[in-house]
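Enquirer: Input structure: target_15.tsv, which contains TSV, C-alpha atoms.
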```
chain	number	residue	atom	x	y	z
A	1	MET	CA	-34.09	-2.93	0.88
A	2	LEU	CA	-31.84	-5.92	0.24
A	3	ASP	CA	-33.29	-6.19	-3.27
A	4	ILE	CA	-32.35	-2.59	-4.03
A	5	ILE	CA	-28.86	-3.10	-2.64
A	6	MET	CA	-28.30	-6.29	-4.64
A	7	THR	CA	-29.59	-4.70	-7.87
A	8	LEU	CA	-27.28	-1.70	-7.48
A	9	ALA	CA	-24.32	-3.83	-6.46
A	10	THR	CA	-24.76	-6.17	-9.43
A	11	ASP	CA	-24.84	-3.17	-11.75
A	12	ILE	CA	-22.01	-1.08	-10.27
A	13	PHE	CA	-19.61	-3.92	-9.48
A	14	GLU	CA	-20.55	-5.68	-12.74
A	15	ASP	CA	-20.94	-8.97	-10.91
A	16	ASP	CA	-23.96	-11.24	-11.47
A	17	ASP	CA	-22.67	-13.83	-9.03
A	18	ILE	CA	-22.66	-11.84	-5.80
A	19	LEU	CA	-24.98	-13.04	-3.05
A	20	PRO	CA	-26.44	-11.38	0.07
A	21	THR	CA	-23.84	-13.35	2.01
A	22	SER	CA	-20.94	-12.03	-0.11
A	23	ARG	CA	-18.69	-9.40	1.39
A	24	LEU	CA	-18.56	-6.12	-0.54
A	25	GLU	CA	-14.86	-6.51	-1.22
A	26	GLU	CA	-15.52	-9.88	-2.87
A	27	ALA	CA	-17.47	-8.25	-5.71
A	28	ASN	CA	-15.84	-8.55	-9.10
A	29	ARG	CA	-15.10	-4.87	-9.79
A	30	PHE	CA	-14.74	-3.73	-6.20
A	31	ASP	CA	-12.43	-0.74	-5.83
A	32	SER	CA	-12.42	2.71	-4.20
A	33	MET	CA	-14.15	4.44	-7.09
A	34	ASN	CA	-16.91	1.87	-7.53
A	35	LEU	CA	-17.50	1.83	-3.78
A	36	VAL	CA	-18.01	5.60	-3.82
A	37	GLN	CA	-20.41	5.29	-6.73
A	38	PHE	CA	-22.25	2.49	-4.90
A	39	ILE	CA	-22.69	4.68	-1.79
A	40	ILE	CA	-23.86	7.67	-3.84
A	41	GLU	CA	-26.40	5.65	-5.80
A	42	LEU	CA	-27.56	3.80	-2.70
A	43	SER	CA	-28.15	7.14	-0.95
A	44	GLY	CA	-30.22	8.27	-3.92
A	45	ALA	CA	-32.20	5.04	-4.25
A	46	LEU	CA	-33.00	4.86	-0.52
A	47	ASP	CA	-33.39	8.61	-0.16
A	48	MET	CA	-31.14	8.71	2.89
A	49	ASP	CA	-27.71	10.11	3.78
A	50	ILE	CA	-25.16	7.34	4.07
A	51	GLU	CA	-21.77	8.06	5.61
A	52	ASP	CA	-18.66	6.33	4.22
A	53	GLU	CA	-18.11	4.58	7.54
A	54	GLU	CA	-21.52	2.92	7.35
A	55	VAL	CA	-20.41	0.92	4.32
A	56	GLU	CA	-17.37	-1.14	5.24
A	57	LYS	CA	-15.80	-3.41	2.65
A	58	THR	CA	-15.78	-6.38	5.05
A	59	MET	CA	-19.58	-6.26	5.51
A	60	THR	CA	-21.86	-8.61	3.67
A	61	PHE	CA	-24.60	-7.08	1.54
A	62	ALA	CA	-27.15	-8.58	3.95
A	63	GLU	CA	-25.45	-6.92	6.93
A	64	LEU	CA	-25.44	-3.62	5.10
A	65	ALA	CA	-29.17	-3.94	4.40
A	66	LYS	CA	-29.86	-4.79	8.05
A	67	ASN	CA	-27.84	-1.79	9.32
A	68	LEU	CA	-29.46	0.65	6.90
A	69	GLU	CA	-32.91	-0.77	7.67
A	70	ALA	CA	-32.29	-0.13	11.36
A	71	LYS	CA	-31.21	3.41	10.62
A	72	LYS	CA	-34.28	4.27	8.57
B	1	MET	CA	-4.18	6.39	9.35
B	2	GLU	CA	-2.31	9.70	9.10
B	3	PHE	CA	-2.71	12.31	6.36
B	4	ARG	CA	0.11	14.74	5.76
B	5	LEU	CA	1.93	17.02	3.36
B	6	LEU	CA	5.06	15.30	2.04
B	7	THR	CA	8.22	17.34	2.41
B	8	GLU	CA	11.07	14.83	2.66
B	9	ASP	CA	12.68	13.25	-0.40
B	10	SER	CA	12.24	9.80	1.13
B	11	GLU	CA	8.50	10.41	1.42
B	12	LYS	CA	8.32	11.62	-2.19
B	13	LEU	CA	10.02	8.41	-3.29
B	14	ARG	CA	7.39	6.49	-1.39
B	15	PHE	CA	4.78	8.53	-3.26
B	16	VAL	CA	6.39	7.45	-6.55
B	17	ASN	CA	6.34	3.81	-5.45
B	18	GLY	CA	2.67	4.10	-4.45
B	19	TRP	CA	1.82	5.81	-7.73
B	20	GLU	CA	3.52	3.05	-9.73
B	21	HIS	CA	1.75	0.38	-7.69
B	22	ALA	CA	-1.67	2.06	-8.07
B	23	PHE	CA	-1.42	2.72	-11.80
B	24	SER	CA	0.62	-0.39	-12.69
B	25	ARG	CA	3.09	1.61	-14.74
B	26	SER	CA	6.47	3.21	-14.36
B	27	PHE	CA	6.84	6.78	-13.27
B	28	GLU	CA	8.99	8.81	-15.68
B	29	MET	CA	11.88	9.51	-13.32
B	30	ARG	CA	13.14	12.29	-15.60
B	31	ASP	CA	9.94	14.14	-14.58
B	32	TYR	CA	10.61	13.60	-10.87
B	33	GLU	CA	12.25	16.95	-10.09
B	34	TRP	CA	9.76	18.71	-12.36
B	35	ILE	CA	6.54	17.32	-10.90
B	36	PHE	CA	7.81	17.60	-7.33
B	37	ASP	CA	8.57	21.27	-7.78
B	38	SER	CA	7.72	23.29	-4.69
B	39	ARG	CA	4.58	24.61	-6.37
B	40	ASN	CA	3.08	21.09	-6.32
B	41	LEU	CA	1.75	20.19	-2.87
B	42	ILE	CA	1.97	16.43	-2.40
B	43	TYR	CA	-0.21	14.80	0.23
B	44	GLY	CA	-0.18	11.20	1.35
B	45	ALA	CA	-2.20	8.87	3.54
B	46	PHE	CA	0.03	6.70	5.70
B	47	ASP	CA	-0.71	3.45	7.49
B	48	GLN	CA	2.33	3.37	9.81
B	49	GLU	CA	5.15	3.88	7.28
B	50	THR	CA	3.20	2.63	4.27
B	51	LEU	CA	1.93	5.25	1.83
B	52	CYS	CA	-1.48	4.00	0.75
B	53	ALA	CA	-2.98	6.98	-1.08
B	54	GLY	CA	-1.77	10.18	-2.75
B	55	TYR	CA	-3.32	13.49	-3.76
B	56	CYS	CA	-1.55	16.54	-5.24
B	57	ILE	CA	-2.47	20.19	-5.65
B	58	LEU	CA	-0.43	22.20	-8.14
B	59	GLN	CA	-0.52	25.81	-6.98
B	60	SER	CA	-1.00	28.65	-9.43
B	61	GLN	CA	-2.50	32.10	-9.74
B	62	ALA	CA	-5.77	32.64	-11.53
B	63	VAL	CA	-8.29	35.24	-12.38
B	64	PHE	CA	-11.58	34.02	-10.89
B	65	GLN	CA	-14.75	36.08	-11.20
B	66	GLY	CA	-12.58	39.04	-12.19
B	67	ASN	CA	-10.23	38.85	-9.18
B	68	LEU	CA	-6.63	37.67	-8.92
B	69	VAL	CA	-6.66	34.67	-6.56
B	70	LYS	CA	-4.60	31.66	-5.43
B	71	SER	CA	-5.65	28.61	-7.40
B	72	GLY	CA	-4.73	24.98	-7.74
B	73	LEU	CA	-4.92	21.96	-10.02
B	74	CYS	CA	-5.86	18.58	-8.57
B	75	ASN	CA	-3.43	15.98	-9.93
B	76	ASN	CA	-2.09	12.47	-9.38
B	77	VAL	CA	-4.79	11.11	-7.06
B	78	PHE	CA	-4.56	7.42	-6.27
B	79	VAL	CA	-5.24	4.67	-3.74
B	80	THR	CA	-2.99	1.62	-3.74
B	81	PRO	CA	-4.69	-1.75	-4.41
B	82	GLU	CA	-4.39	-3.07	-0.83
B	83	TYR	CA	-6.24	-0.05	0.53
B	84	GLN	CA	-9.10	0.06	-1.99
B	85	GLY	CA	-12.45	0.33	-0.23
B	86	CYS	CA	-11.06	1.98	2.92
B	87	HIS	CA	-12.63	5.31	1.89
B	88	LEU	CA	-9.18	6.87	1.48
B	89	PHE	CA	-10.11	8.67	-1.74
B	90	THR	CA	-12.79	10.64	0.08
B	91	LYS	CA	-10.98	10.93	3.42
B	92	LEU	CA	-7.73	12.18	1.91
B	93	GLY	CA	-9.70	14.33	-0.55
B	94	ARG	CA	-11.56	16.09	2.27
B	95	TYR	CA	-8.31	16.59	4.17
B	96	VAL	CA	-6.55	18.13	1.14
B	97	LEU	CA	-9.48	20.39	0.20
B	98	SER	CA	-9.64	21.64	3.77
B	99	ALA	CA	-5.88	22.27	3.78
B	100	ALA	CA	-6.18	24.13	0.47
B	101	GLY	CA	-8.84	26.39	1.98
B	102	GLU	CA	-6.63	27.09	5.00
B	103	MET	CA	-3.84	28.11	2.61
B	104	GLY	CA	-6.12	30.67	1.01
B	105	ILE	CA	-6.63	28.82	-2.26
B	106	GLN	CA	-9.91	30.14	-3.62
B	107	ILE	CA	-10.47	27.95	-6.65
B	108	LEU	CA	-9.39	24.44	-7.57
B	109	ILE	CA	-9.86	22.74	-10.88
B	110	GLY	CA	-9.23	19.23	-12.14
B	111	MET	CA	-9.47	17.19	-15.32
B	112	PRO	CA	-9.94	13.69	-13.87
B	113	ASN	CA	-10.65	10.38	-15.52
B	114	GLU	CA	-14.20	9.09	-15.80
B	115	SER	CA	-14.04	6.55	-13.00
B	116	SER	CA	-12.97	9.05	-10.36
B	117	LEU	CA	-15.79	11.54	-11.03
B	118	PRO	CA	-18.20	10.10	-8.41
B	119	GLY	CA	-15.45	10.24	-5.80
B	120	HIS	CA	-14.67	13.87	-6.54
B	121	ARG	CA	-18.38	14.71	-6.49
B	122	ARG	CA	-18.72	12.97	-3.12
B	123	VAL	CA	-16.12	15.27	-1.51
B	124	GLY	CA	-17.77	18.40	-2.88
B	125	TRP	CA	-16.32	19.09	-6.31
B	126	THR	CA	-18.64	20.62	-8.90
B	127	THR	CA	-18.65	18.49	-12.04
B	128	PHE	CA	-19.25	20.09	-15.42
B	129	PRO	CA	-20.57	18.65	-18.69
B	130	PRO	CA	-17.91	17.04	-20.91
B	131	ASN	CA	-15.35	19.55	-22.14
B	132	PHE	CA	-15.15	18.54	-25.79
B	133	TYR	CA	-12.13	19.10	-27.99
B	134	LEU	CA	-12.22	21.15	-31.16
B	135	GLU	CA	-10.37	19.48	-33.99
B	136	LYS	CA	-9.30	20.01	-37.55
B	137	LYS	CA	-8.29	17.19	-39.84
B	138	ILE	CA	-5.15	17.82	-41.88
B	139	ILE	CA	-4.68	16.62	-45.44
B	140	GLU	CA	-1.59	14.41	-45.54
B	141	ASP	CA	0.26	16.18	-48.36
B	142	GLU	CA	-0.23	19.69	-46.99
B	143	SER	CA	3.14	21.35	-47.41
B	144	VAL	CA	5.28	22.52	-44.53
B	145	THR	CA	5.44	26.28	-44.34
B	146	GLN	CA	8.32	28.50	-43.31
B	147	LEU	CA	8.10	31.26	-40.76
B	148	GLU	CA	7.80	34.47	-42.77
B	149	ASP	CA	6.27	36.88	-40.31
B	150	GLU	CA	9.12	38.59	-38.48
B	151	SER	CA	6.81	39.24	-35.57
B	152	ILE	CA	6.80	35.54	-34.74
B	153	THR	CA	9.69	34.10	-32.76
B	154	PRO	CA	10.27	30.48	-31.74
B	155	ILE	CA	10.85	30.25	-28.00
B	156	THR	CA	13.27	27.99	-26.19
B	157	SER	CA	14.66	27.95	-22.68
B	158	LEU	CA	17.68	29.83	-24.08
B	159	ASN	CA	15.89	32.90	-25.44
B	160	PHE	CA	12.87	32.99	-23.12
B	161	PRO	CA	14.70	34.96	-20.38
B	162	LEU	CA	14.96	37.85	-22.84
B	163	TRP	CA	11.16	37.96	-23.00
B	164	LYS	CA	10.46	37.45	-19.33
B	165	GLU	CA	9.43	40.99	-18.45
B	166	ALA	CA	7.33	41.52	-21.58
B	167	PHE	CA	5.77	38.11	-21.10
B	168	ASN	CA	4.73	38.86	-17.52
B	169	GLU	CA	3.09	42.09	-18.60
B	170	PHE	CA	1.20	40.26	-21.35
B	171	ALA	CA	0.12	37.33	-19.14
B	172	PHE	CA	-1.59	39.53	-16.57
B	173	LYS	CA	-3.06	41.95	-19.12
B	174	ILE	CA	-4.61	39.29	-21.34
B	175	SER	CA	-6.33	37.53	-18.41
B	176	PHE	CA	-7.67	40.67	-16.79
B	177	GLY	CA	-11.43	40.65	-16.18
B	178	ARG	CA	-12.03	37.05	-17.26
B	179	SER	CA	-14.40	34.87	-15.25
B	180	PHE	CA	-11.69	32.19	-14.99
B	181	SER	CA	-8.20	31.93	-16.38
B	182	ILE	CA	-4.97	30.49	-14.99
B	183	ILE	CA	-2.22	33.08	-15.20
B	184	LYS	CA	0.82	31.72	-16.93
B	185	GLU	CA	3.29	34.41	-15.87
B	186	ALA	CA	6.89	33.94	-16.97
B	187	ASP	CA	8.07	31.72	-14.10
B	188	TYR	CA	5.05	29.44	-14.30
B	189	PHE	CA	5.19	29.35	-18.12
B	190	SER	CA	8.86	28.50	-17.98
B	191	TRP	CA	8.32	25.67	-15.49
B	192	ARG	CA	5.24	24.34	-17.28
B	193	TYR	CA	6.38	24.40	-20.90
B	194	LEU	CA	10.14	24.96	-21.07
B	195	ASN	CA	11.50	22.96	-18.15
B	196	ARG	CA	9.42	19.80	-18.45
B	197	PRO	CA	11.92	17.04	-19.27
B	198	SER	CA	9.50	14.89	-21.26
B	199	GLY	CA	7.76	17.87	-22.84
B	200	ASP	CA	9.39	18.67	-26.19
B	201	TYR	CA	6.89	21.40	-26.95
B	202	LYS	CA	7.03	23.87	-29.83
B	203	ILE	CA	6.44	27.43	-28.71
B	204	PHE	CA	6.05	30.65	-30.65
B	205	ILE	CA	5.42	34.17	-29.48
B	206	TYR	CA	4.06	37.10	-31.45
B	207	GLN	CA	5.81	40.35	-30.61
B	208	GLU	CA	5.80	43.93	-31.80
B	209	LYS	CA	8.59	46.30	-30.80
B	210	GLY	CA	9.52	44.05	-27.89
B	211	ALA	CA	5.98	43.77	-26.54
B	212	VAL	CA	4.44	40.28	-26.40
B	213	LYS	CA	1.07	40.18	-28.19
B	214	GLY	CA	0.40	36.46	-28.07
B	215	TYR	CA	1.82	32.95	-27.92
B	216	VAL	CA	1.03	29.39	-28.89
B	217	VAL	CA	2.32	26.10	-27.46
B	218	TYR	CA	2.12	22.83	-29.44
B	219	LYS	CA	2.77	19.25	-28.57
B	220	TYR	CA	3.24	16.76	-31.37
B	221	TYR	CA	1.99	13.27	-30.48
B	222	GLN	CA	3.65	10.86	-32.87
B	223	PRO	CA	1.58	7.65	-32.31
B	224	PHE	CA	-1.60	9.35	-33.54
B	225	LYS	CA	0.16	11.95	-35.73
B	226	ARG	CA	-1.59	14.71	-33.84
B	227	ILE	CA	-0.75	18.21	-32.82
B	228	HIS	CA	-2.29	19.29	-29.52
B	229	ILE	CA	-2.57	23.04	-29.05
B	230	LEU	CA	-1.70	23.08	-25.37
B	231	ASP	CA	-2.04	26.81	-24.95
B	232	VAL	CA	-2.77	29.91	-26.97
B	233	GLU	CA	-3.26	33.57	-26.14
B	234	ALA	CA	-3.61	36.46	-28.57
B	235	GLU	CA	-4.23	40.17	-28.16
B	236	ASN	CA	-6.51	40.24	-31.20
B	237	GLU	CA	-7.82	38.17	-34.09
B	238	THR	CA	-4.96	39.10	-36.45
B	239	VAL	CA	-2.35	37.94	-33.95
B	240	PHE	CA	-4.35	34.76	-33.32
B	241	PHE	CA	-4.49	33.76	-36.98
B	242	GLU	CA	-0.82	34.58	-37.55
B	243	LEU	CA	0.10	32.38	-34.58
B	244	LEU	CA	-2.11	29.57	-35.82
B	245	LYS	CA	-0.16	29.46	-39.08
B	246	THR	CA	2.90	28.32	-37.13
B	247	SER	CA	1.44	24.82	-36.85
B	248	GLY	CA	2.46	24.49	-40.50
B	249	THR	CA	6.13	24.67	-39.50
B	250	ILE	CA	5.92	21.32	-37.73
B	251	LYS	CA	7.72	18.98	-40.08
B	252	GLU	CA	6.31	15.68	-38.87
B	253	SER	CA	3.36	14.02	-40.59
B	254	VAL	CA	0.13	15.37	-39.07
B	255	SER	CA	-3.40	14.00	-39.42
B	256	LEU	CA	-5.24	16.16	-36.90
B	257	ILE	CA	-4.86	19.27	-34.73
B	258	ASN	CA	-6.95	19.70	-31.59
B	259	VAL	CA	-7.57	22.10	-28.74
B	260	LEU	CA	-9.96	22.11	-25.77
B	261	SER	CA	-13.24	23.88	-26.55
B	262	SER	CA	-12.97	25.74	-23.24
B	263	THR	CA	-10.37	28.03	-24.82
B	264	ILE	CA	-11.56	31.61	-24.82
B	265	TYR	CA	-10.74	31.64	-28.54
B	266	ALA	CA	-13.31	28.95	-29.48
B	267	ASP	CA	-14.99	31.33	-31.94
B	268	TYR	CA	-11.70	32.02	-33.71
B	269	PHE	CA	-11.00	28.29	-33.93
B	270	SER	CA	-14.45	27.77	-35.38
B	271	ARG	CA	-13.69	30.38	-38.05
B	272	ALA	CA	-10.41	28.60	-38.72
B	273	GLY	CA	-12.31	25.42	-39.61
B	274	TYR	CA	-12.17	23.58	-36.29
B	275	CYS	CA	-15.20	21.40	-35.42
B	276	ILE	CA	-16.42	19.79	-32.22
B	277	SER	CA	-14.73	16.43	-31.68
B	278	ALA	CA	-16.28	13.30	-30.16
B	279	GLU	CA	-13.39	13.28	-27.69
B	280	TYR	CA	-13.60	15.14	-24.44
B	281	SER	CA	-11.95	15.78	-21.13
B	282	ASN	CA	-13.75	15.85	-17.77
B	283	LEU	CA	-13.76	19.07	-15.82
B	284	ILE	CA	-14.34	19.63	-12.11
B	285	ALA	CA	-13.94	22.68	-9.87
B	286	HIS	CA	-14.14	23.41	-6.17
B	287	ASP	CA	-14.22	26.50	-4.01
B	288	PRO	CA	-12.53	25.31	-0.80
B	289	LEU	CA	-13.53	28.41	1.16
B	290	SER	CA	-17.27	28.59	0.50
B	291	LYS	CA	-17.65	24.93	-0.59
B	292	ALA	CA	-20.55	26.22	-2.71
B	293	PRO	CA	-21.17	24.97	-6.28
B	294	VAL	CA	-18.76	26.65	-8.70
B	295	SER	CA	-19.47	28.48	-11.92
B	296	LEU	CA	-16.47	29.25	-14.11
B	297	GLY	CA	-18.50	31.88	-15.95
B	298	ASP	CA	-18.90	32.99	-19.54
B	299	THR	CA	-15.36	34.25	-20.10
B	300	CYS	CA	-13.50	31.18	-18.96
B	301	ASN	CA	-10.22	30.16	-20.56
B	302	LEU	CA	-9.07	26.61	-19.90
B	303	VAL	CA	-6.54	24.89	-22.13
B	304	ILE	CA	-4.95	21.46	-22.37
B	305	GLY	CA	-1.78	22.86	-20.82
B	306	ASP	CA	-3.68	23.82	-17.68
B	307	ASN	CA	-3.63	20.12	-16.88
B	308	GLU	CA	-0.18	18.79	-16.07
B	309	VAL	CA	-0.29	15.42	-17.78
B	310	PHE	CA	0.21	16.44	-21.43
```
Show me the file's structure as structure tokens.
Expert:
Amino acid sequence: MLDIIMTLATDIFEDDDILPTSRLEEANRFDSMNLVQFIIELSGALDMDIEDEEVEKTMTFAELAKNLEAKK
Amino acid sequence: MEFRLLTEDSEKLRFVNGWEHAFSRSFEMRDYEWIFDSRNLIYGAFDQETLCAGYCILQSQAVFQGNLVKSGLCNNVFVTPEYQGCHLFTKLGRYVLSAAGEMGIQILIGMPNESSLPGHRRVGWTTFPPNFYLEKKIIEDESVTQLEDESITPITSLNFPLWKEAFNEFAFKISFGRSFSIIKEADYFSWRYLNRPSGDYKIFIYQEKGAVKGYVVYKYYQPFKRIHILDVEAENETVFFELLKTSGTIKESVSLINVLSSTIYADYFSRAGYCISAEYSNLIAHDPLSKAPVSLGDTCNLVIGDNEVF
């Protein structure tokens, strides 16, 4: 799951330097619109409903993967 | 976080400050009274006293699926930089769409920028394929024509009141039975095209024996030497082509004329030599009551002037 998240995040936030330990808000092109697109595409890629509140900007990508893994 | 409709002048000024901060540009203060007309519902998200997001719905009347309904245009949506990523776009969006439904608004449209499309889709808007422009290139030395047809009258805020009644009759009649069309009755038309401080539009009506048979609204955009046909309505093909000739009275140098292809007169424009442009506008719609996907139907009329930014 973390691989999928990192691939999408790299693409949507146009940031090749983000790491699993990076917080979402630290991504290069992080803003409201890109975050929405990230959630939509993540929902599609993981085939699961993801609420806005499950993706907080202060989370790391690894934490997000762990939370979504637990939900699955 | 509190979401609410802004009613006080002090709150509207905070909206302006937030807008300027979000878009990194100055708000045209001469448009302040115009855009904050009572028909535009302005919503804000507040963190204590700080306005951190804005969302507006410009109320109008429309024909939708053949019925006269309350409608609205989504405009001026923003989140300030400090509050990016707090899901305010979707939270405020859901709040406003719900409020619109409670007010009896049956159809909302919007012409948003590319980056905001996923956000609008997330809160339930239907997104449509790109709404391309139709355009016609103009040869530089084409001569300026004079108005010869006595049926055509230039319209200003001074003489428009004389046409108010006839205009209202025309506006409702011409839209009747369409699948979607915003009704520009006299008051709305006057606010939209005649009262806008930074507008400077050129408007002509076609009349016969005091009855309005059509109109056209142009905006000349000097940096690109373009004429935008913001709005056009015509009772028949003859009236349409007579009105179209009025673009030749614009004295400035013109390289191109364009119009949105969602005009109900797309076939007439095609016959007048207009071709599909590579440029387009995005189009979204939402039914706040049913929340079901929206179809604007086969007899939809949407023009550049139905958006408030031009």
Enquirer: Determine which residues of chain B sit within 6 Å of chain A, taking into account all atoms listed in the file, and present them as a count of residues only.
Expert: 5
Enquirer: Could you tell me how far CA of Ser43 (chain A) lies from CA of Leu108 (chain B), in Å and to one decimal?
Expert: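 Here the two named atoms are 26.4 Å from each other.
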Enquirer: Can you pull out every residue within 9 Å of Ala9 (chain A), counting all atoms listed in the file, but drop anything in the same chain fewer than 6 positions away, and send it as an mmCIF file with C-alpha atoms, in the frame of the given file?
Expert:
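Final output, saved to around-v9.cif:
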```
data_model
loop_
_atom_site.group_PDB
_atom_site.id
_atom_site.type_symbol
_atom_site.label_atom_id
_atom_site.label_comp_id
_atom_site.auth_asym_id
_atom_site.auth_seq_id
_atom_site.Cartn_x
_atom_site.Cartn_y
_atom_site.Cartn_z
ATOM 1 C CA ASP A 15 -20.940 -8.970 -10.910
ATOM 2 C CA ASP A 16 -23.960 -11.240 -11.470
ATOM 3 C CA ILE A 18 -22.660 -11.840 -5.800
ATOM 4 C CA LEU A 24 -18.560 -6.120 -0.540
ATOM 5 C CA ALA A 27 -17.470 -8.250 -5.710
ATOM 6 C CA PHE A 38 -22.250 2.490 -4.900
ATOM 7 C CA PHE A 61 -24.600 -7.080 1.540
#
```
Enquirer: Which residue out of B:Ser261, B:Ser71, B:Ser26, B:Gln65 has the minimum interatomic distance to Asn40 (chain B) when all atoms listed in the file are used?
Expert: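 Nearest to Asn40 (chain B): B:Ser71.
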Enquirer: Give me the residues within 7 Å of region 168-180 of chain B as a list in words, counting only C-alpha atoms and dropping any in the same chain fewer than 4 places off.
Expert: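 Everything that qualifies: Ala62, Val63, Phe64, Gln65, Gly66, Lys164, Lys184, Glu185, Ala186, Val212, Lys213, Glu235, Leu296, Gly297, Asp298, Thr299, Cys300 and Asn301 of chain B.
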Enquirer: Centre and edge lengths, as AutoDock Vina command-line options, for the axis-aligned box enclosing every listed atom of region 117-121 of chain B with 4 Å of padding on each of the six sides, in Å to one decimal?
Expert:
```
--center_x -16.5 --center_y 12.4 --center_z -8.4 --size_x 11.7 --size_y 12.6 --size_z 13.2
```
Enquirer: Determine, counting all atoms listed in the file, which protein, DNA and RNA residues have an atom within 7 Å of an atom of Met111 (chain B); residues of the same chain fewer than 4 positions away are not included. Present the result as a list in words.
Expert: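 My reading of the contact set: Ser281, Asn282, Leu283, Ile284 and Asn307 of chain B.
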Enquirer: Would you pick out the contacts of Cys275 (chain B) at 7 Å or less, using all atoms listed in the file, so that residues sharing its chain but fewer than 5 positions from it are not included, and give the list as a list of chain:residue names?
Expert: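 Everything that qualifies: B:Leu134, B:Glu135, B:Lys136, B:Ser270.
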Enquirer: Would you write out those residues with C-alpha atoms, as a PDB file, in the frame of the given file?
Expert:
```pdb
ATOM      1  CA  LEU B 134     -12.220  21.150 -31.160  1.00  0.00           C
ATOM      2  CA  GLU B 135     -10.370  19.480 -33.990  1.00  0.00           C
ATOM      3  CA  LYS B 136      -9.300  20.010 -37.550  1.00  0.00           C
ATOM      4  CA  SER B 270     -14.450  27.770 -35.380  1.00  0.00           C
TER       5      SER B 270
END
```
Enquirer: Check the smallest atom-to-atom distance from each of A:Lys71, A:Thr60, A:Leu46, A:Leu8 to Pro20 (chain A) using only C-alpha atoms, then report the winner.
Expert: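 The answer is A:Thr60, which sits nearest to Pro20 (chain A).
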Enquirer: List every protein, DNA or RNA residue with an atom no more than 12 Å from (16.7, 22.1, -15.8) in the file's coordinates, counting all atoms listed in the file, and format the result as a count of residues only.
Expert: 17
Enquirer: May I have the residues within 12 Å of Val259 (chain B) as a PyMOL selection string, using only C-alpha atoms and disregarding those fewer than 5 positions away in the same chain?
Expert: chain B and resi 131-136+216-219+226-232+244+264-266+268-270+274-277+279-281+301-306
Enquirer: Just C-alpha atoms for this one: save the residues we selected as a short mmCIF file (atom, residue, chain, number, x, y, z; two decimals), in the coordinates of the input.
Expert:
```
data_model
loop_
_atom_site.label_atom_id
_atom_site.label_comp_id
_atom_site.auth_asym_id
_atom_site.auth_seq_id
_atom_site.Cartn_x
_atom_site.Cartn_y
_atom_site.Cartn_z
CA ASN B 131 -15.35 19.55 -22.14
CA PHE B 132 -15.15 18.54 -25.79
CA TYR B 133 -12.13 19.10 -27.99
CA LEU B 134 -12.22 21.15 -31.16
CA GLU B 135 -10.37 19.48 -33.99
CA LYS B 136 -9.30 20.01 -37.55
CA VAL B 216 1.03 29.39 -28.89
CA VAL B 217 2.32 26.10 -27.46
CA TYR B 218 2.12 22.83 -29.44
CA LYS B 219 2.77 19.25 -28.57
CA ARG B 226 -1.59 14.71 -33.84
CA ILE B 227 -0.75 18.21 -32.82
CA HIS B 228 -2.29 19.29 -29.52
CA ILE B 229 -2.57 23.04 -29.05
CA LEU B 230 -1.70 23.08 -25.37
CA ASP B 231 -2.04 26.81 -24.95
CA VAL B 232 -2.77 29.91 -26.97
CA LEU B 244 -2.11 29.57 -35.82
CA ILE B 264 -11.56 31.61 -24.82
CA TYR B 265 -10.74 31.64 -28.54
CA ALA B 266 -13.31 28.95 -29.48
CA TYR B 268 -11.70 32.02 -33.71
CA PHE B 269 -11.00 28.29 -33.93
CA SER B 270 -14.45 27.77 -35.38
CA TYR B 274 -12.17 23.58 -36.29
CA CYS B 275 -15.20 21.40 -35.42
CA ILE B 276 -16.42 19.79 -32.22
CA SER B 277 -14.73 16.43 -31.68
CA GLU B 279 -13.39 13.28 -27.69
CA TYR B 280 -13.60 15.14 -24.44
CA SER B 281 -11.95 15.78 -21.13
CA ASN B 301 -10.22 30.16 -20.56
CA LEU B 302 -9.07 26.61 -19.90
CA VAL B 303 -6.54 24.89 -22.13
CA ILE B 304 -4.95 21.46 -22.37
CA GLY B 305 -1.78 22.86 -20.82
CA ASP B 306 -3.68 23.82 -17.68
#
```
Enquirer: Record the distance separating CA of Ser253 (chain B) and CA of Gly273 (chain B), expressed in Å with one decimal.
Expert: 19.4 Å
Enquirer: Find the residue from B:Met1, B:Ala53, B:Val294, B:Leu147 that sits nearest to Ile107 (chain B); use only C-alpha atoms when measuring.
Expert: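 Residue with the minimum atom-to-atom distance to Ile107 (chain B): B:Val294.
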Enquirer: Using CA of Arg4 (chain B) and CA of Gly104 (chain B) as the two end points, give the distance in Å to one decimal.
Expert: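 It comes out at 17.8 Å.
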Enquirer: My list of candidates is A:Asn28, A:Glu69, A:Ala62, A:Asp11. Which is closest to Ile50 (chain A) when distances are computed with all atoms listed in the file?
Expert: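 Nearest candidate to Ile50 (chain A) out of A:Asn28, A:Glu69, A:Ala62, A:Asp11: A:Glu69.
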Enquirer: Please list, as a list in words, the residues that have an atom at most 12 Å away from (-1.2, 0.4, 8.2) in the coordinates of this file, counting only C-alpha atoms.
Expert: Met1, Glu2, Ala45, Phe46, Asp47, Gln48, Glu49, Thr50, Leu51, Cys52, Ala53, Glu82, Tyr83 and Cys86 of chain B
Enquirer: Can I get the selected residues back with C-alpha atoms, as a tab-separated table (two decimals), in the coordinates of the input?
Expert:
```tsv
chain	number	residue	atom	x	y	z
B	1	MET	CA	-4.18	6.39	9.35
B	2	GLU	CA	-2.31	9.70	9.10
B	45	ALA	CA	-2.20	8.87	3.54
B	46	PHE	CA	0.03	6.70	5.70
B	47	ASP	CA	-0.71	3.45	7.49
B	48	GLN	CA	2.33	3.37	9.81
B	49	GLU	CA	5.15	3.88	7.28
B	50	THR	CA	3.20	2.63	4.27
B	51	LEU	CA	1.93	5.25	1.83
B	52	CYS	CA	-1.48	4.00	0.75
B	53	ALA	CA	-2.98	6.98	-1.08
B	82	GLU	CA	-4.39	-3.07	-0.83
B	83	TYR	CA	-6.24	-0.05	0.53
B	86	CYS	CA	-11.06	1.98	2.92
```
